[in-house]
$ cat entry-v3.pdb   # PDB, C-alpha atoms
ATOM      1  CA  ALA A1182      37.980  -9.403 -32.291  1.00  0.00           C
ATOM      2  CA  PHE A1183      40.584 -10.278 -29.678  1.00  0.00           C
ATOM      3  CA  SER A1184      43.903 -12.034 -30.281  1.00  0.00           C
ATOM      4  CA  ALA A1185      46.190 -13.709 -27.749  1.00  0.00           C
ATOM      5  CA  ALA A1186      49.445 -11.778 -27.300  1.00  0.00           C
ATOM      6  CA  GLN A1187      52.319 -11.044 -24.923  1.00  0.00           C
ATOM      7  CA  VAL A1188      52.963  -7.494 -23.720  1.00  0.00           C
ATOM      8  CA  VAL A1189      56.507  -6.506 -24.720  1.00  0.00           C
ATOM      9  CA  SER A1190      56.590  -2.928 -23.418  1.00  0.00           C
ATOM     10  CA  VAL A1191      54.349  -0.111 -22.248  1.00  0.00           C
ATOM     11  CA  ASP A1192      55.014   3.509 -23.223  1.00  0.00           C
ATOM     12  CA  ARG A1193      54.934   6.101 -20.491  1.00  0.00           C
ATOM     13  CA  PRO A1194      52.511   7.315 -19.237  1.00  0.00           C
ATOM     14  CA  GLY A1195      50.934   3.925 -20.039  1.00  0.00           C
ATOM     15  CA  ASP A1196      48.585   4.802 -22.877  1.00  0.00           C
ATOM     16  CA  VAL A1197      50.064   2.528 -25.562  1.00  0.00           C
ATOM     17  CA  ALA A1198      51.606  -0.948 -25.366  1.00  0.00           C
ATOM     18  CA  GLU A1199      53.674  -3.013 -27.769  1.00  0.00           C
ATOM     19  CA  VAL A1200      52.441  -6.603 -27.957  1.00  0.00           C
ATOM     20  CA  ARG A1201      53.657  -9.729 -29.745  1.00  0.00           C
ATOM     21  CA  LEU A1202      50.838 -11.769 -31.270  1.00  0.00           C
ATOM     22  CA  ASP A1203      50.940 -15.467 -30.318  1.00  0.00           C
ATOM     23  CA  SER A1204      49.559 -16.535 -33.707  1.00  0.00           C
ATOM     24  CA  THR A1205      52.109 -14.779 -35.937  1.00  0.00           C
ATOM     25  CA  GLY A1206      54.893 -13.546 -33.665  1.00  0.00           C
ATOM     26  CA  LEU A1207      54.496 -10.075 -35.165  1.00  0.00           C
ATOM     27  CA  SER A1208      54.615  -6.987 -32.969  1.00  0.00           C
ATOM     28  CA  GLN A1209      51.869  -4.423 -32.881  1.00  0.00           C
ATOM     29  CA  ARG A1210      51.161  -1.234 -30.939  1.00  0.00           C
ATOM     30  CA  VAL A1211      47.733  -1.008 -29.310  1.00  0.00           C
ATOM     31  CA  PRO A1212      46.051   1.330 -26.809  1.00  0.00           C
ATOM     32  CA  CYS A1213      46.296  -0.056 -23.266  1.00  0.00           C
ATOM     33  CA  SER A1214      42.530   0.346 -22.962  1.00  0.00           C
ATOM     34  CA  GLU A1215      42.159  -2.478 -25.526  1.00  0.00           C
ATOM     35  CA  LEU A1216      44.261  -4.966 -23.529  1.00  0.00           C
ATOM     36  CA  ARG A1217      42.655  -7.688 -21.396  1.00  0.00           C
ATOM     37  CA  HIS A1218      44.171 -10.019 -18.825  1.00  0.00           C
ATOM     38  CA  ARG A1219      44.336 -13.631 -20.001  1.00  0.00           C
ATOM     39  CA  PHE A1220      45.182 -16.883 -18.239  1.00  0.00           C
ATOM     40  CA  ALA A1221      46.671 -19.207 -20.869  1.00  0.00           C
ATOM     41  CA  ARG A1222      45.816 -22.896 -20.394  1.00  0.00           C
ATOM     42  CA  GLU A1223      48.152 -25.363 -22.033  1.00  0.00           C
ATOM     43  CA  ASP A1224      45.912 -28.395 -21.371  1.00  0.00           C
ATOM     44  CA  GLY A1225      43.093 -27.240 -23.672  1.00  0.00           C
ATOM     45  CA  ALA A1226      40.533 -27.411 -20.848  1.00  0.00           C
ATOM     46  CA  THR A1227      37.595 -25.013 -20.771  1.00  0.00           C
ATOM     47  CA  SER A1228      35.356 -23.703 -17.996  1.00  0.00           C
ATOM     48  CA  GLN A1229      31.768 -24.938 -17.763  1.00  0.00           C
ATOM     49  CA  ASP A1230      30.956 -21.753 -15.846  1.00  0.00           C
ATOM     50  CA  ASN A1231      32.353 -18.400 -16.952  1.00  0.00           C
ATOM     51  CA  THR A1232      32.410 -17.222 -13.339  1.00  0.00           C
ATOM     52  CA  SER A1233      35.221 -19.719 -12.665  1.00  0.00           C
ATOM     53  CA  LEU A1234      37.552 -18.066 -15.188  1.00  0.00           C
ATOM     54  CA  VAL A1235      40.736 -16.666 -13.620  1.00  0.00           C
ATOM     55  CA  HIS A1236      40.191 -13.346 -15.430  1.00  0.00           C
ATOM     56  CA  MET A1237      36.549 -12.682 -16.212  1.00  0.00           C
ATOM     57  CA  ASN A1238      36.331 -10.123 -19.006  1.00  0.00           C
ATOM     58  CA  ASP A1239      34.827  -9.907 -22.479  1.00  0.00           C
ATOM     59  CA  ALA A1240      37.880 -11.432 -24.182  1.00  0.00           C
ATOM     60  CA  THR A1241      38.236 -14.460 -21.871  1.00  0.00           C
ATOM     61  CA  ILE A1242      34.502 -15.172 -21.947  1.00  0.00           C
ATOM     62  CA  LEU A1243      34.505 -15.119 -25.757  1.00  0.00           C
ATOM     63  CA  GLU A1244      37.633 -17.309 -25.867  1.00  0.00           C
ATOM     64  CA  ASN A1245      36.039 -19.812 -23.488  1.00  0.00           C
ATOM     65  CA  LEU A1246      32.810 -19.927 -25.514  1.00  0.00           C
ATOM     66  CA  GLN A1247      34.729 -20.316 -28.777  1.00  0.00           C
ATOM     67  CA  SER A1248      36.847 -23.161 -27.372  1.00  0.00           C
ATOM     68  CA  ARG A1249      33.781 -24.960 -25.988  1.00  0.00           C
ATOM     69  CA  HIS A1250      31.884 -24.540 -29.273  1.00  0.00           C
ATOM     70  CA  ALA A1251      34.817 -26.077 -31.170  1.00  0.00           C
ATOM     71  CA  MET A1252      34.489 -29.161 -28.912  1.00  0.00           C
ATOM     72  CA  ASP A1253      30.680 -29.355 -29.459  1.00  0.00           C
ATOM     73  CA  GLU A1254      30.118 -28.180 -25.879  1.00  0.00           C
ATOM     74  CA  ILE A1255      27.475 -25.664 -26.869  1.00  0.00           C
ATOM     75  CA  TYR A1256      26.170 -24.824 -23.383  1.00  0.00           C
ATOM     76  CA  THR A1257      28.022 -22.750 -20.786  1.00  0.00           C
ATOM     77  CA  TYR A1258      26.866 -21.303 -17.472  1.00  0.00           C
ATOM     78  CA  THR A1259      27.448 -17.809 -16.197  1.00  0.00           C
ATOM     79  CA  ALA A1260      26.307 -18.491 -12.634  1.00  0.00           C
ATOM     80  CA  SER A1261      22.643 -19.589 -13.031  1.00  0.00           C
ATOM     81  CA  ILE A1262      22.320 -18.204 -16.578  1.00  0.00           C
ATOM     82  CA  LEU A1263      22.755 -20.685 -19.419  1.00  0.00           C
ATOM     83  CA  LEU A1264      24.455 -19.454 -22.586  1.00  0.00           C
ATOM     84  CA  ALA A1265      23.737 -21.495 -25.705  1.00  0.00           C
ATOM     85  CA  MET A1266      25.543 -21.405 -29.033  1.00  0.00           C
ATOM     86  CA  ASN A1267      23.835 -22.791 -32.111  1.00  0.00           C
ATOM     87  CA  PRO A1268      26.029 -25.614 -33.467  1.00  0.00           C
ATOM     88  CA  TYR A1269      24.175 -25.622 -36.821  1.00  0.00           C
ATOM     89  CA  LYS A1270      24.368 -29.423 -36.771  1.00  0.00           C
ATOM     90  CA  ASP A1271      23.039 -32.375 -34.789  1.00  0.00           C
ATOM     91  CA  ILE A1272      25.084 -33.454 -31.772  1.00  0.00           C
ATOM     92  CA  ARG A1273      24.357 -37.095 -30.952  1.00  0.00           C
ATOM     93  CA  GLY A1274      23.363 -37.998 -27.408  1.00  0.00           C
ATOM     94  CA  LEU A1275      22.744 -34.443 -26.263  1.00  0.00           C
ATOM     95  CA  TYR A1276      18.969 -34.808 -25.828  1.00  0.00           C
ATOM     96  CA  GLY A1277      16.404 -37.514 -25.195  1.00  0.00           C
ATOM     97  CA  GLU A1278      14.944 -39.513 -22.325  1.00  0.00           C
ATOM     98  CA  ASP A1279      18.300 -40.878 -21.150  1.00  0.00           C
ATOM     99  CA  GLN A1280      19.618 -37.339 -20.742  1.00  0.00           C
ATOM    100  CA  CYS A1281      16.338 -36.219 -19.113  1.00  0.00           C
ATOM    101  CA  ALA A1282      16.689 -38.996 -16.537  1.00  0.00           C
ATOM    102  CA  LYS A1283      20.297 -38.011 -15.911  1.00  0.00           C
ATOM    103  CA  TYR A1284      19.404 -34.370 -15.131  1.00  0.00           C
ATOM    104  CA  LYS A1285      16.175 -34.970 -13.205  1.00  0.00           C
ATOM    105  CA  GLY A1286      16.567 -33.984  -9.551  1.00  0.00           C
ATOM    106  CA  LYS A1287      20.179 -32.818  -9.866  1.00  0.00           C
ATOM    107  CA  HIS A1288      21.376 -29.484  -8.522  1.00  0.00           C
ATOM    108  CA  LEU A1289      22.463 -26.847 -11.023  1.00  0.00           C
ATOM    109  CA  GLY A1290      26.156 -27.343 -11.754  1.00  0.00           C
ATOM    110  CA  ALA A1291      26.282 -31.009 -10.711  1.00  0.00           C
ATOM    111  CA  LEU A1292      26.323 -32.029 -14.389  1.00  0.00           C
ATOM    112  CA  PRO A1293      27.549 -30.257 -17.543  1.00  0.00           C
ATOM    113  CA  PRO A1294      25.547 -27.161 -18.572  1.00  0.00           C
ATOM    114  CA  HIS A1295      22.268 -28.023 -20.293  1.00  0.00           C
ATOM    115  CA  PRO A1296      18.733 -26.625 -20.771  1.00  0.00           C
ATOM    116  CA  TYR A1297      17.490 -29.714 -18.908  1.00  0.00           C
ATOM    117  CA  ALA A1298      19.320 -28.510 -15.786  1.00  0.00           C
ATOM    118  CA  ILE A1299      17.651 -25.085 -15.975  1.00  0.00           C
ATOM    119  CA  ALA A1300      14.242 -26.660 -16.670  1.00  0.00           C
ATOM    120  CA  ASP A1301      14.697 -29.090 -13.769  1.00  0.00           C
ATOM    121  CA  THR A1302      15.540 -26.250 -11.378  1.00  0.00           C
ATOM    122  CA  ALA A1303      12.392 -24.356 -12.430  1.00  0.00           C
ATOM    123  CA  TYR A1304      10.214 -27.481 -12.292  1.00  0.00           C
ATOM    124  CA  ARG A1305      11.391 -28.467  -8.806  1.00  0.00           C
ATOM    125  CA  ALA A1306      10.814 -24.885  -7.571  1.00  0.00           C
ATOM    126  CA  LEU A1307       7.303 -25.021  -9.057  1.00  0.00           C
ATOM    127  CA  VAL A1308       6.492 -28.263  -7.243  1.00  0.00           C
ATOM    128  CA  ARG A1309       8.198 -27.302  -3.971  1.00  0.00           C
ATOM    129  CA  GLU A1310       7.017 -23.693  -3.660  1.00  0.00           C
ATOM    130  CA  GLN A1311       3.724 -23.983  -5.594  1.00  0.00           C
ATOM    131  CA  ARG A1312       4.596 -20.744  -7.398  1.00  0.00           C
ATOM    132  CA  ASN A1313       4.639 -20.057 -11.137  1.00  0.00           C
ATOM    133  CA  GLN A1314       8.056 -20.167 -12.771  1.00  0.00           C
ATOM    134  CA  GLY A1315       9.267 -18.510 -15.952  1.00  0.00           C
ATOM    135  CA  LEU A1316      12.177 -19.138 -18.301  1.00  0.00           C
ATOM    136  CA  LEU A1317      13.453 -16.356 -20.525  1.00  0.00           C
ATOM    137  CA  ILE A1318      14.878 -17.683 -23.791  1.00  0.00           C
ATOM    138  CA  SER A1319      16.421 -14.799 -25.667  1.00  0.00           C
ATOM    139  CA  GLY A1320      18.646 -14.352 -28.702  1.00  0.00           C
ATOM    140  CA  GLU A1321      18.921 -12.931 -32.175  1.00  0.00           C
ATOM    141  CA  SER A1322      17.165 -14.322 -35.204  1.00  0.00           C
ATOM    142  CA  GLY A1323      18.339 -17.852 -36.005  1.00  0.00           C
ATOM    143  CA  ALA A1324      19.961 -18.334 -32.598  1.00  0.00           C
ATOM    144  CA  GLY A1325      17.739 -21.309 -31.755  1.00  0.00           C
ATOM    145  CA  LYS A1326      15.101 -19.883 -29.399  1.00  0.00           C
ATOM    146  CA  THR A1327      12.296 -22.067 -30.756  1.00  0.00           C
ATOM    147  CA  GLU A1328      14.454 -25.204 -30.601  1.00  0.00           C
ATOM    148  CA  THR A1329      15.490 -24.393 -27.030  1.00  0.00           C
ATOM    149  CA  ALA A1330      11.836 -23.894 -26.048  1.00  0.00           C
ATOM    150  CA  LYS A1331      11.069 -27.370 -27.461  1.00  0.00           C
ATOM    151  CA  ILE A1332      13.991 -28.864 -25.489  1.00  0.00           C
ATOM    152  CA  VAL A1333      12.740 -27.282 -22.259  1.00  0.00           C
ATOM    153  CA  MET A1334       9.187 -28.503 -22.871  1.00  0.00           C
ATOM    154  CA  GLN A1335      10.520 -31.999 -23.603  1.00  0.00           C
ATOM    155  CA  PHE A1336      12.189 -32.090 -20.180  1.00  0.00           C
ATOM    156  CA  ILE A1337       9.162 -30.691 -18.336  1.00  0.00           C
ATOM    157  CA  ALA A1338       6.938 -33.312 -19.976  1.00  0.00           C
ATOM    158  CA  PHE A1339       9.407 -36.004 -18.873  1.00  0.00           C
ATOM    159  CA  ALA A1340       9.734 -34.672 -15.311  1.00  0.00           C
ATOM    160  CA  SER A1341       5.973 -34.305 -14.872  1.00  0.00           C
ATOM    161  CA  GLY A1342       5.292 -37.795 -16.201  1.00  0.00           C
ATOM    162  CA  ALA A1343       3.027 -36.507 -18.985  1.00  0.00           C
ATOM    163  CA  SER A1344       2.476 -38.890 -21.852  1.00  0.00           C
ATOM    164  CA  SER A1345       4.442 -38.065 -24.969  1.00  0.00           C
ATOM    165  CA  GLY A1346       1.211 -37.567 -26.928  1.00  0.00           C
ATOM    166  CA  HIS A1347      -0.133 -35.037 -24.418  1.00  0.00           C
ATOM    167  CA  ALA A1348       3.254 -33.253 -24.255  1.00  0.00           C
ATOM    168  CA  ASP A1349       3.391 -33.066 -28.068  1.00  0.00           C
ATOM    169  CA  SER A1350      -0.114 -31.587 -28.110  1.00  0.00           C
ATOM    170  CA  ILE A1351       0.891 -28.826 -25.652  1.00  0.00           C
ATOM    171  CA  GLN A1352       4.066 -28.126 -27.653  1.00  0.00           C
ATOM    172  CA  ASP A1353       2.071 -27.865 -30.875  1.00  0.00           C
ATOM    173  CA  ARG A1354      -0.423 -25.409 -29.339  1.00  0.00           C
ATOM    174  CA  ILE A1355       2.357 -23.173 -28.006  1.00  0.00           C
ATOM    175  CA  LEU A1356       4.224 -23.210 -31.314  1.00  0.00           C
ATOM    176  CA  GLN A1357       1.017 -22.495 -33.263  1.00  0.00           C
ATOM    177  CA  ALA A1358       0.439 -19.396 -31.104  1.00  0.00           C
ATOM    178  CA  GLN A1359       3.912 -18.066 -31.912  1.00  0.00           C
ATOM    179  CA  PRO A1360       2.997 -16.334 -35.232  1.00  0.00           C
ATOM    180  CA  ILE A1361       0.293 -14.334 -33.412  1.00  0.00           C
ATOM    181  CA  LEU A1362       2.792 -13.171 -30.772  1.00  0.00           C
ATOM    182  CA  GLU A1363       5.408 -12.409 -33.408  1.00  0.00           C
ATOM    183  CA  SER A1364       3.021 -10.183 -35.361  1.00  0.00           C
ATOM    184  CA  PHE A1365       3.271  -7.594 -32.567  1.00  0.00           C
ATOM    185  CA  GLY A1366       7.035  -7.145 -32.789  1.00  0.00           C
ATOM    186  CA  ASN A1367       8.495  -8.031 -36.157  1.00  0.00           C
ATOM    187  CA  ALA A1368      11.542  -6.575 -37.860  1.00  0.00           C
ATOM    188  CA  VAL A1369      13.672  -7.393 -40.868  1.00  0.00           C
ATOM    189  CA  THR A1370      17.143  -8.713 -40.036  1.00  0.00           C
ATOM    190  CA  MET A1371      19.983  -9.991 -42.200  1.00  0.00           C
ATOM    191  CA  ARG A1372      18.970 -13.582 -41.428  1.00  0.00           C
ATOM    192  CA  ASN A1373      15.210 -13.361 -41.247  1.00  0.00           C
ATOM    193  CA  SER A1374      12.749 -11.064 -43.032  1.00  0.00           C
ATOM    194  CA  ASN A1375      10.096 -11.799 -40.396  1.00  0.00           C
ATOM    195  CA  SER A1376      12.070 -11.745 -37.170  1.00  0.00           C
ATOM    196  CA  SER A1377      10.352 -11.451 -33.816  1.00  0.00           C
ATOM    197  CA  ARG A1378      11.750  -9.063 -31.224  1.00  0.00           C
ATOM    198  CA  PHE A1379      10.174 -11.128 -28.447  1.00  0.00           C
ATOM    199  CA  GLY A1380      11.904 -13.707 -26.288  1.00  0.00           C
ATOM    200  CA  LYS A1381      10.280 -17.127 -26.012  1.00  0.00           C
ATOM    201  CA  TYR A1382       8.686 -17.983 -22.655  1.00  0.00           C
TER     202      TYR A1382
END
$ encode --input "entry-v3.pdb" --output "structure tokens"
Amino acid sequence: AFSAAQVVSVDRPGDVAEVRLDSTGLSQRVPCSELRHRFAREDGATSQDNTSLVHMNDATILENLQSRHAMDEIYTYTASILLAMNPYKDIRGLYGEDQCAKYKGKHLGALPPHPYAIADTAYRALVREQRNQGLLISGESGAGKTETAKIVMQFIAFASGASSGHADSIQDRILQAQPILESFGNAVTMRNSNSSRFGKY
């Protein structure tokens, strides 16, 4: 885990630094290889796209994701990749036809990060280029891959004008096929005794 701190001094030849932790004010000596540049924001704002961070490194990306998660902003871009964090609760107004209509036809990045934006980009490319498109939904057990697949299918059904009954039927068939696919790559994890090693497409 990373902690915000100020560098007090660096020992020659620069292998070890003394830092003062922002949270406690205590000093600590750490290897310089464990230090990361950080741009402290006093306004509490976050970045919707990790590529816009002043210093893009593992610590600042994790800090940005943690800050966004605390504000129920569970989606963050890294360029055209969408990172999702499971909120483990319902967030009102995040999904539904009103949100689908809002994202339909919009360029990636024009609105806050969302699976609808990724699905819209793929759908428009499918229609425009007449070429198959694929979405890779990946994550560890319990991360929300199945839920994200449902969200993407909901948007594609909306964008294509399919009736909700027909869209539900397609969703059901895909989800019913999942146990067959999972039987080829299962493993026991701490969260799931029947965890698939496959991504959801």
$ resolve_selection --input "entry-v3.pdb" --expression "the PyMOL selection byres ((chain A and resi 1305-1312) around 10)" --output "list in words"
Lys1285, Gly1286, Lys1287, Ala1300, Asp1301, Thr1302, Ala1303, Tyr1304, Asn1313, Gln1314, Gly1315, Ala1340 and Ser1341 of chain A
$ write_last_selection --input "entry-v3.pdb" --atoms "C-alpha atoms" --output "compact mmCIF listing (two decimals), in the coordinates of the input"
# COMPACT_ATOMS: atom_id res chain seq x y z
CA LYS A 1285 16.18 -34.97 -13.20
CA GLY A 1286 16.57 -33.98 -9.55
CA LYS A 1287 20.18 -32.82 -9.87
CA ALA A 1300 14.24 -26.66 -16.67
CA ASP A 1301 14.70 -29.09 -13.77
CA THR A 1302 15.54 -26.25 -11.38
CA ALA A 1303 12.39 -24.36 -12.43
CA TYR A 1304 10.21 -27.48 -12.29
CA ASN A 1313 4.64 -20.06 -11.14
CA GLN A 1314 8.06 -20.17 -12.77
CA GLY A 1315 9.27 -18.51 -15.95
CA ALA A 1340 9.73 -34.67 -15.31
CA SER A 1341 5.97 -34.30 -14.87
$ atom_distance --input "entry-v3.pdb" --atom1 "atom CA of Ala1324 of chain A" --atom2 "atom CA of Asn1267 of chain A"
5.9 Å
$ residues_around --input "entry-v3.pdb" --residues "Asp1196 of chain A" --least-positions-apart "6" --cutoff "9 Å" --atoms "only C-alpha atoms" --output "mmCIF file with C-alpha atoms, in the coordinates of the input"
data_model
loop_
_atom_site.group_PDB
_atom_site.id
_atom_site.type_symbol
_atom_site.label_atom_id
_atom_site.label_comp_id
_atom_site.auth_asym_id
_atom_site.auth_seq_id
_atom_site.Cartn_x
_atom_site.Cartn_y
_atom_site.Cartn_z
ATOM 1 C CA VAL A 1211 47.733 -1.008 -29.310
ATOM 2 C CA PRO A 1212 46.051 1.330 -26.809
ATOM 3 C CA CYS A 1213 46.296 -0.056 -23.266
ATOM 4 C CA SER A 1214 42.530 0.346 -22.962
#
$ atom_distance --input "entry-v3.pdb" --atom1 "atom CA of Gly1325 of chain A" --atom2 "atom CA of Gly1225 of chain A"
27.3 Å
$ closest_residue --input "entry-v3.pdb" --among "A:Gln1280, A:Glu1328, A:Gln1229, A:Phe1339" --to "Pro1293 of chain A" --atoms "only C-alpha atoms"
A:Gln1229
$ resolve_selection --input "entry-v3.pdb" --expression "the PyMOL selection byres ((chain A and resi 1253) around 10)" --output "MDAnalysis selection string"
chainID A and resid 1247:1252 1254:1256 1266:1268 1270:1272 1275
$ resolve_selection --input "entry-v3.pdb" --expression "the PyMOL selection byres ((chain A and resi 1197-1204) around 12)" --output "PyMOL selection string"
chain A and resi 1183-1196+1205-1217+1221
$ closest_residue --input "entry-v3.pdb" --among "A:Arg1222, A:Lys1331, A:Leu1264, A:Tyr1284" --to "Thr1241 of chain A" --atoms "all atoms listed in the file"
A:Arg1222
$ closest_residue --input "entry-v3.pdb" --among "A:Asp1230, A:Glu1244, A:Asp1279, A:Asp1239" --to "Tyr1258 of chain A" --atoms "all atoms listed in the file"
A:Asp1230
$ atom_distance --input "entry-v3.pdb" --atom1 "atom CA of Ile1337 of chain A" --atom2 "atom CA of Ser1228 of chain A"
27.1 Å
$ closest_residue --input "entry-v3.pdb" --among "A:Ile1262, A:Leu1234, A:Leu1243, A:Ala1338" --to "Ala1282 of chain A" --atoms "all atoms listed in the file"
A:Ala1338
$ axis_aligned_box --input "entry-v3.pdb" --around "segment 1232-1236 of chain A" --padding-each-side "6 Å" --output "JSON"
{"center_x": 36.6, "center_y": -16.5, "center_z": -14.0, "size_x": 20.3, "size_y": 18.4, "size_z": 14.8}
$ closest_residue --input "entry-v3.pdb" --among "A:Thr1227, A:Thr1327, A:Ser1322, A:Ser1261" --to "Asn1245 of chain A" --atoms "all atoms listed in the file"
A:Thr1227
$ residues_around --input "entry-v3.pdb" --residues "Asn1231 of chain A" --least-positions-apart "6" --cutoff "8 Å" --atoms "only C-alpha atoms" --output "list of chain:residue names"
A:Met1237, A:Ile1242, A:Asn1245, A:Thr1257, A:Tyr1258, A:Thr1259, A:Ala1260
$ closest_residue --input "entry-v3.pdb" --among "A:Ala1226, A:Ser1350, A:Ala1265, A:Lys1283" --to "Thr1329 of chain A" --atoms "all atoms listed in the file"
A:Ala1265
